[in-house]
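*Asks:* I am sharing data_9.pdb, which consists of PDB, C-alpha atoms:
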ATOM      1  CA  MET A   1       0.000   0.000   0.000
ATOM      2  CA  THR A   2       1.332   3.435  -0.966
ATOM      3  CA  ASN A   3       2.059   5.855   1.863
ATOM      4  CA  PRO A   4      -0.390   8.740   1.229
ATOM      5  CA  ASN A   5       2.227  11.170   2.524
ATOM      6  CA  ALA A   6       5.293   9.753   0.754
ATOM      7  CA  LEU A   7       7.661  12.275  -0.822
ATOM      8  CA  LEU A   8      10.243  11.502  -3.481
ATOM      9  CA  HIS A   9      13.623  13.076  -4.180
ATOM     10  CA  ARG A  10      13.313  15.380  -7.184
ATOM     11  CA  ARG A  11      16.523  14.374  -8.948
ATOM     12  CA  ASP A  12      15.783  10.672  -8.553
ATOM     13  CA  VAL A  13      12.447  11.378 -10.228
ATOM     14  CA  VAL A  14      13.940  13.346 -13.111
ATOM     15  CA  ASN A  15      16.743  10.829 -13.627
ATOM     16  CA  GLU A  16      14.136   8.086 -13.953
ATOM     17  CA  LEU A  17      11.908  10.105 -16.276
ATOM     18  CA  LEU A  18      14.923  10.700 -18.549
ATOM     19  CA  ARG A  19      16.399   7.192 -18.321
ATOM     20  CA  ASP A  20      17.129   5.806 -21.801
ATOM     21  CA  ARG A  21      15.420   8.904 -23.156
ATOM     22  CA  GLY A  22      16.058   8.271 -26.833
ATOM     23  CA  ASP A  23      14.964  11.266 -28.908
ATOM     24  CA  ILE A  24      12.288  12.556 -26.532
ATOM     25  CA  LEU A  25      11.995  16.358 -26.491
ATOM     26  CA  VAL A  26      12.042  17.977 -23.046
ATOM     27  CA  ILE A  27      10.731  21.370 -21.975
ATOM     28  CA  ALA A  28      12.121  22.183 -18.528
ATOM     29  CA  GLY A  29      10.161  24.741 -16.513
ATOM     30  CA  LEU A  30      12.077  27.600 -14.980
ATOM     31  CA  GLY A  31      13.891  27.208 -11.696
ATOM     32  CA  ALA A  32      14.502  23.904  -9.955
ATOM     33  CA  PRO A  33      12.983  21.651 -12.675
ATOM     34  CA  ASN A  34      15.421  23.285 -15.098
ATOM     35  CA  TRP A  35      18.347  22.517 -12.777
ATOM     36  CA  ASP A  36      17.073  18.960 -12.258
ATOM     37  CA  VAL A  37      16.904  18.272 -15.994
ATOM     38  CA  SER A  38      20.386  19.764 -16.414
ATOM     39  CA  ALA A  39      21.719  17.604 -13.561
ATOM     40  CA  ALA A  40      20.483  14.551 -15.472
ATOM     41  CA  GLY A  41      22.682  15.652 -18.396
ATOM     42  CA  ASP A  42      22.767  18.530 -20.825
ATOM     43  CA  HIS A  43      21.211  17.491 -24.127
ATOM     44  CA  ALA A  44      20.385  19.141 -27.444
ATOM     45  CA  ASN A  45      16.784  17.905 -27.066
ATOM     46  CA  ASN A  46      16.355  19.868 -23.825
ATOM     47  CA  PHE A  47      14.814  23.316 -23.928
ATOM     48  CA  PRO A  48      15.351  24.823 -20.461
ATOM     49  CA  LEU A  49      13.325  27.897 -19.570
ATOM     50  CA  TRP A  50      15.272  30.614 -17.817
ATOM     51  CA  GLY A  51      12.140  32.738 -17.563
ATOM     52  CA  ALA A  52       8.614  32.734 -18.989
ATOM     53  CA  MET A  53       6.931  31.458 -15.837
ATOM     54  CA  GLY A  54       3.712  29.720 -16.761
ATOM     55  CA  ALA A  55       4.819  28.903 -20.329
ATOM     56  CA  ALA A  56       6.192  25.358 -20.035
ATOM     57  CA  THR A  57       2.971  23.424 -20.648
ATOM     58  CA  MET A  58       1.860  25.593 -23.560
ATOM     59  CA  MET A  59       5.316  25.387 -25.119
ATOM     60  CA  GLY A  60       5.166  21.622 -24.753
ATOM     61  CA  LEU A  61       1.707  21.572 -26.315
ATOM     62  CA  GLY A  62       2.821  23.666 -29.270
ATOM     63  CA  LEU A  63       5.839  21.454 -29.796
ATOM     64  CA  ALA A  64       3.760  18.279 -29.561
ATOM     65  CA  LEU A  65       1.293  19.583 -32.147
ATOM     66  CA  ALA A  66       4.054  20.788 -34.488
ATOM     67  CA  GLN A  67       6.031  17.533 -34.163
ATOM     68  CA  PRO A  68       3.388  14.786 -33.888
ATOM     69  CA  LYS A  69       5.942  12.027 -34.568
ATOM     70  CA  ARG A  70       8.125  13.064 -31.633
ATOM     71  CA  LYS A  71       7.423  12.442 -27.941
ATOM     72  CA  VAL A  72       7.365  15.582 -25.786
ATOM     73  CA  LEU A  73       7.900  15.671 -22.024
ATOM     74  CA  VAL A  74       7.291  18.795 -19.948
ATOM     75  CA  ILE A  75       8.993  18.754 -16.550
ATOM     76  CA  THR A  76       7.924  21.700 -14.436
ATOM     77  CA  GLY A  77       6.973  22.756 -10.924
ATOM     78  CA  ASP A  78       3.722  23.270  -9.046
ATOM     79  CA  GLY A  79       4.099  27.068  -8.852
ATOM     80  CA  GLU A  80       4.661  27.299 -12.591
ATOM     81  CA  MET A  81       1.722  24.969 -13.311
ATOM     82  CA  LEU A  82      -0.589  26.960 -11.048
ATOM     83  CA  MET A  83       0.263  30.081 -13.030
ATOM     84  CA  SER A  84      -0.832  28.396 -16.276
ATOM     85  CA  ILE A  85      -3.655  26.218 -15.005
ATOM     86  CA  GLY A  86      -5.820  27.123 -17.998
ATOM     87  CA  ALA A  87      -3.283  25.389 -20.243
ATOM     88  CA  LEU A  88      -4.606  22.057 -18.987
ATOM     89  CA  ALA A  89      -7.973  22.760 -20.599
ATOM     90  CA  THR A  90      -6.306  23.465 -23.937
ATOM     91  CA  VAL A  91      -4.218  20.289 -23.686
ATOM     92  CA  ALA A  92      -7.400  18.326 -22.967
ATOM     93  CA  VAL A  93      -9.176  19.801 -26.003
ATOM     94  CA  GLU A  94      -6.239  19.275 -28.377
ATOM     95  CA  LYS A  95      -5.511  15.738 -27.062
ATOM     96  CA  PRO A  96      -1.888  15.380 -28.223
ATOM     97  CA  ALA A  97      -1.039  11.697 -27.810
ATOM     98  CA  ASN A  98       2.678  12.513 -27.754
ATOM     99  CA  LEU A  99       2.592  14.906 -24.756
ATOM    100  CA  THR A 100       3.384  14.072 -21.132
ATOM    101  CA  ILE A 101       3.405  16.684 -18.357
ATOM    102  CA  ALA A 102       5.230  15.878 -15.128
ATOM    103  CA  VAL A 103       4.788  18.426 -12.345
ATOM    104  CA  LEU A 104       7.311  18.230  -9.511
ATOM    105  CA  ASP A 105       5.182  19.299  -6.559
ATOM    106  CA  ASN A 106       7.144  20.366  -3.483
ATOM    107  CA  GLU A 107       4.277  22.703  -2.462
ATOM    108  CA  ARG A 108       6.712  25.632  -2.604
ATOM    109  CA  PHE A 109       7.738  28.608  -4.724
ATOM    110  CA  GLY A 110      11.383  27.618  -4.763
ATOM    111  CA  GLU A 111      12.714  30.640  -6.641
ATOM    112  CA  THR A 112      11.302  33.295  -4.337
ATOM    113  CA  GLY A 113      11.972  31.974  -0.837
ATOM    114  CA  MET A 114      10.109  28.641  -0.493
ATOM    115  CA  GLN A 115       6.741  30.203   0.266
ATOM    116  CA  LYS A 116       3.939  27.633   0.204
ATOM    117  CA  THR A 117       1.948  27.250  -2.999
ATOM    118  CA  HIS A 118      -1.766  26.453  -3.134
ATOM    119  CA  THR A 119      -1.020  22.732  -3.398
ATOM    120  CA  ALA A 120       0.112  22.933   0.248
ATOM    121  CA  SER A 121      -3.456  23.970   1.069
ATOM    122  CA  GLY A 122      -5.091  21.105  -0.782
ATOM    123  CA  VAL A 123      -5.348  22.268  -4.398
ATOM    124  CA  ASP A 124      -5.157  19.031  -6.405
ATOM    125  CA  LEU A 125      -3.555  19.686  -9.794
ATOM    126  CA  ALA A 126      -4.023  16.062 -10.886
ATOM    127  CA  GLY A 127      -7.717  16.443 -10.088
ATOM    128  CA  VAL A 128      -7.849  19.708 -12.039
ATOM    129  CA  ALA A 129      -6.214  18.032 -15.049
ATOM    130  CA  LEU A 130      -8.681  15.153 -14.871
ATOM    131  CA  ALA A 131     -11.649  17.513 -14.574
ATOM    132  CA  ALA A 132     -10.340  19.474 -17.568
ATOM    133  CA  GLY A 133     -10.489  16.290 -19.626
ATOM    134  CA  ILE A 134      -6.992  14.792 -19.448
ATOM    135  CA  ARG A 135      -8.046  11.202 -18.864
ATOM    136  CA  THR A 136      -4.651   9.883 -17.816
ATOM    137  CA  SER A 137      -3.968  12.032 -14.781
ATOM    138  CA  ARG A 138      -2.532  10.809 -11.515
ATOM    139  CA  THR A 139      -0.686  11.690  -8.349
ATOM    140  CA  VAL A 140       2.654   9.902  -8.058
ATOM    141  CA  ARG A 141       4.299   8.965  -4.743
ATOM    142  CA  THR A 142       6.543   5.980  -5.578
ATOM    143  CA  MET A 143       9.449   5.425  -7.948
ATOM    144  CA  GLU A 144       7.517   2.545  -9.495
ATOM    145  CA  GLN A 145       4.810   5.030 -10.435
ATOM    146  CA  VAL A 146       7.471   7.368 -11.845
ATOM    147  CA  SER A 147       8.647   4.507 -14.054
ATOM    148  CA  GLU A 148       5.071   4.039 -15.258
ATOM    149  CA  ILE A 149       4.902   7.707 -16.258
ATOM    150  CA  ARG A 150       8.231   7.354 -18.079
ATOM    151  CA  ASP A 151       6.861   4.370 -19.990
ATOM    152  CA  LEU A 152       3.676   6.245 -20.906
ATOM    153  CA  ALA A 153       5.773   9.152 -22.189
ATOM    154  CA  HIS A 154       7.626   6.792 -24.515
ATOM    155  CA  GLN A 155       4.482   4.969 -25.636
ATOM    156  CA  GLY A 156       2.756   8.118 -26.887
ATOM    157  CA  LYS A 157      -0.617   7.307 -25.356
ATOM    158  CA  GLY A 158      -1.268  10.757 -23.982
ATOM    159  CA  PRO A 159      -1.910  13.315 -23.098
ATOM    160  CA  VAL A 160      -0.596  12.279 -19.694
ATOM    161  CA  PHE A 161      -0.482  14.417 -16.561
ATOM    162  CA  ALA A 162       1.487  13.379 -13.469
ATOM    163  CA  LEU A 163       1.675  15.305 -10.213
ATOM    164  CA  VAL A 164       4.819  13.974  -8.538
ATOM    165  CA  LYS A 165       4.978  14.716  -4.818
ATOM    166  CA  ILE A 166       8.558  15.575  -3.913
ATOM    167  CA  ASN A 167      10.553  16.615  -0.874
ATOM    168  CA  PRO A 168      10.968  20.420  -0.568
ATOM    169  CA  GLU A 169      14.734  20.019  -0.372
ATOM    170  CA  ALA A 170      17.216  22.632  -1.569
ATOM    171  CA  LEU A 171      19.852  21.190  -3.897
ATOM    172  CA  VAL A 172      23.002  22.501  -5.519
ATOM    173  CA  PHE A 173      22.214  24.176  -8.827
ATOM    174  CA  THR A 174      23.279  22.477 -12.037
ATOM    175  CA  LEU A 175      22.791  25.161 -14.650
ATOM    176  CA  PRO A 176      22.193  24.668 -18.369
ATOM    177  CA  PRO A 177      23.688  27.063 -20.919
ATOM    178  CA  ALA A 178      22.316  30.551 -20.249
ATOM    179  CA  ASP A 179      22.542  31.970 -23.773
ATOM    180  CA  GLY A 180      19.039  31.997 -25.268
ATOM    181  CA  VAL A 181      20.330  32.165 -28.834
ATOM    182  CA  ILE A 182      22.507  29.099 -28.334
ATOM    183  CA  LEU A 183      19.699  27.163 -26.646
ATOM    184  CA  THR A 184      17.158  28.049 -29.331
ATOM    185  CA  THR A 185      19.509  27.358 -32.227
ATOM    186  CA  ARG A 186      20.676  23.973 -31.011
ATOM    187  CA  PHE A 187      17.125  22.904 -30.108
ATOM    188  CA  ARG A 188      15.825  23.925 -33.547
ATOM    189  CA  GLN A 189      18.638  22.038 -35.231
ATOM    190  CA  SER A 190      18.026  18.989 -33.065
ATOM    191  CA  VAL A 191      14.294  18.999 -33.846
ATOM    192  CA  LEU A 192      14.377  20.058 -37.489
ATOM    193  CA  GLY A 193      17.812  18.882 -38.653
ATOM    194  CA  ASP A 194      19.238  20.618 -41.702
ATOM    195  CA  GLU A 195      15.854  22.249 -42.348
ATOM    196  CA  ALA A 196      16.521  24.547 -39.367
ATOM    197  CA  LEU A 197      19.464  26.062 -41.183
ATOM    198  CA  TYR A 198      17.287  27.344 -44.012
ATOM    199  CA  ASN A 199      14.151  28.536 -42.185
TER     200      ASN A 199
END
Would you mind writing the file's structure down as structure tokens?
*Replies:*
Amino acid sequence: MTNPNALLHRRDVVNELLRDRGDILVIAGLGAPNWDVSAAGDHANNFPLWGAMGAATMMGLGLALAQPKRKVLVITGDGEMLMSIGALATVAVEKPANLTIAVLDNERFGETGMQKTHTASGVDLAGVALAAGIRTSRTVRTMEQVSEIRDLAHQGKGPVFALVKINPEALVFTLPPADGVILTTRFRQSVLGDEALYN
């Protein structure tokens, strides 16, 4: 039986989500999810957000719709997801089978002083996603469940939403490249190949 209060370690979660990642495209929400994805290994198929709070899910949606043959994984935080909660309704309407959204929920705004977010007061983002129409939506509290989300992301049977309950621990930053031009150019080339050079 799963402990209803179990908390996972964020980098263990991200390492598992990105295990044997293949060519999956990753949008990393600003702040700690960005550092977590970078700690798992810098990659041309990562697009880390240094800003644009609230944009990760919509960027992932746009990418999934534009590249229907590629799998897209958004890894973001609860504060960022709360800011763009309406994006879940759009994801539900568009129904991109190749999109998975994993929200690392430490119930904190990590970038501004660890103030509690609304999830600390009972707001259930997995329930919101389900009510919006994302049929595969769940709260994750074990590494086995994380592995299931990873498998779903690779199977392309989405959209999938996972609220992963994590420990509100502070970890050493592992920063991705900070130059937006470099990040955008290498991501475009990784996604589009030689076509990116001419468009």
*Asks:* Can you work out the spacing between CA of Ala131 (chain A) and CA of Leu88 (chain A) in Å, to one decimal?
*Replies:*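 Between CA of Ala131 (chain A) and CA of Leu88 (chain A) the gap works out to 9.5 Å.
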*Asks:* Please indicate the distance in Å from CA of Gln67 (chain A) to CA of Ile24 (chain A), rounded to one decimal place.
*Replies:*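 Distance between the two atoms: 11.1 Å.
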*Asks:* Please work out which residues fall within 8 Å of (-0.4, 22.7, -11.3), coordinates as given in the file, with all atoms listed in the file counting, and return them as a list of chain:residue names.
*Replies:* A:Gly77, A:Asp78, A:Gly79, A:Glu80, A:Met81, A:Leu82, A:Met83, A:Ser84, A:Ile85, A:Val103, A:Thr119, A:Asp124, A:Leu125, A:Ala126, A:Leu163
*Asks:* Might you pull out every residue within 9 Å of Ile75 (chain A), with all atoms listed in the file counted and same-chain residues fewer than 6 positions away left off, and present them as a ChimeraX atom specification?
*Replies:* /A:14,26-29,33-34,37,56-57,100-104
*Asks:* Would you mind telling me which residue in A:Pro159, A:Gly62, A:Gly122, A:Gly22 lies nearest to Ala44 (chain A) when using all atoms listed in the file?
*Replies:* A:Gly22
*Asks:* Atoms are missing here; could region 95-112 of chain A be completed with N, CA, C and O atoms and written as an mmCIF file, in the coordinates of the input?
*Replies:*
data_model
loop_
_atom_site.group_PDB
_atom_site.id
_atom_site.type_symbol
_atom_site.label_atom_id
_atom_site.label_comp_id
_atom_site.auth_asym_id
_atom_site.auth_seq_id
_atom_site.Cartn_x
_atom_site.Cartn_y
_atom_site.Cartn_z
ATOM 1 N N LYS A 95 -5.780 17.171 -27.213
ATOM 2 C CA LYS A 95 -5.511 15.738 -27.062
ATOM 3 C C LYS A 95 -4.244 15.252 -27.781
ATOM 4 O O LYS A 95 -4.291 14.256 -28.524
ATOM 5 N N PRO A 96 -3.106 15.877 -27.570
ATOM 6 C CA PRO A 96 -1.888 15.380 -28.223
ATOM 7 C C PRO A 96 -1.406 14.078 -27.583
ATOM 8 O O PRO A 96 -1.040 14.047 -26.410
ATOM 9 N N ALA A 97 -1.425 13.005 -28.347
ATOM 10 C CA ALA A 97 -1.039 11.697 -27.810
ATOM 11 C C ALA A 97 0.431 11.644 -27.418
ATOM 12 O O ALA A 97 0.827 10.797 -26.615
ATOM 13 N N ASN A 98 1.231 12.546 -27.969
ATOM 14 C CA ASN A 98 2.678 12.513 -27.754
ATOM 15 C C ASN A 98 3.147 13.442 -26.647
ATOM 16 O O ASN A 98 4.337 13.710 -26.522
ATOM 17 N N LEU A 99 2.236 13.947 -25.808
ATOM 18 C CA LEU A 99 2.592 14.906 -24.756
ATOM 19 C C LEU A 99 2.397 14.318 -23.362
ATOM 20 O O LEU A 99 1.335 13.796 -23.033
ATOM 21 N N THR A 100 3.441 14.434 -22.547
ATOM 22 C CA THR A 100 3.384 14.072 -21.132
ATOM 23 C C THR A 100 3.827 15.280 -20.309
ATOM 24 O O THR A 100 4.829 15.921 -20.641
ATOM 25 N N ILE A 101 3.087 15.571 -19.258
ATOM 26 C CA ILE A 101 3.405 16.684 -18.357
ATOM 27 C C ILE A 101 3.665 16.113 -16.974
ATOM 28 O O ILE A 101 2.789 15.472 -16.383
ATOM 29 N N ALA A 102 4.877 16.317 -16.482
ATOM 30 C CA ALA A 102 5.230 15.878 -15.128
ATOM 31 C C ALA A 102 5.482 17.106 -14.268
ATOM 32 O O ALA A 102 6.388 17.896 -14.552
ATOM 33 N N VAL A 103 4.672 17.276 -13.245
ATOM 34 C CA VAL A 103 4.788 18.426 -12.345
ATOM 35 C C VAL A 103 5.443 17.963 -11.047
ATOM 36 O O VAL A 103 4.907 17.098 -10.348
ATOM 37 N N LEU A 104 6.600 18.533 -10.751
ATOM 38 C CA LEU A 104 7.311 18.230 -9.511
ATOM 39 C C LEU A 104 6.736 19.121 -8.418
ATOM 40 O O LEU A 104 6.986 20.326 -8.389
ATOM 41 N N ASP A 105 5.946 18.529 -7.542
ATOM 42 C CA ASP A 105 5.182 19.299 -6.559
ATOM 43 C C ASP A 105 5.828 19.223 -5.178
ATOM 44 O O ASP A 105 5.643 18.264 -4.440
ATOM 45 N N ASN A 106 6.583 20.269 -4.835
ATOM 46 C CA ASN A 106 7.144 20.366 -3.483
ATOM 47 C C ASN A 106 6.322 21.324 -2.610
ATOM 48 O O ASN A 106 6.714 21.648 -1.492
ATOM 49 N N GLU A 107 5.190 21.799 -3.172
ATOM 50 C CA GLU A 107 4.277 22.703 -2.462
ATOM 51 C C GLU A 107 4.964 24.012 -2.083
ATOM 52 O O GLU A 107 4.604 24.660 -1.101
ATOM 53 N N ARG A 108 5.926 24.427 -2.905
ATOM 54 C CA ARG A 108 6.712 25.632 -2.604
ATOM 55 C C ARG A 108 7.016 26.426 -3.871
ATOM 56 O O ARG A 108 7.139 25.859 -4.952
ATOM 57 N N PHE A 109 7.162 27.743 -3.699
ATOM 58 C CA PHE A 109 7.738 28.608 -4.724
ATOM 59 C C PHE A 109 9.242 28.666 -4.453
ATOM 60 O O PHE A 109 9.716 29.483 -3.669
ATOM 61 N N GLY A 110 9.980 27.775 -5.079
ATOM 62 C CA GLY A 110 11.383 27.618 -4.763
ATOM 63 C C GLY A 110 12.254 28.798 -5.141
ATOM 64 O O GLY A 110 13.286 29.039 -4.520
ATOM 65 N N GLU A 111 11.855 29.561 -6.145
ATOM 66 C CA GLU A 111 12.714 30.640 -6.641
ATOM 67 C C GLU A 111 12.558 31.941 -5.855
ATOM 68 O O GLU A 111 13.356 32.854 -6.033
ATOM 69 N N THR A 112 11.560 32.022 -5.018
ATOM 70 C CA THR A 112 11.302 33.295 -4.337
ATOM 71 C C THR A 112 11.324 33.186 -2.818
ATOM 72 O O THR A 112 10.841 34.080 -2.130
#
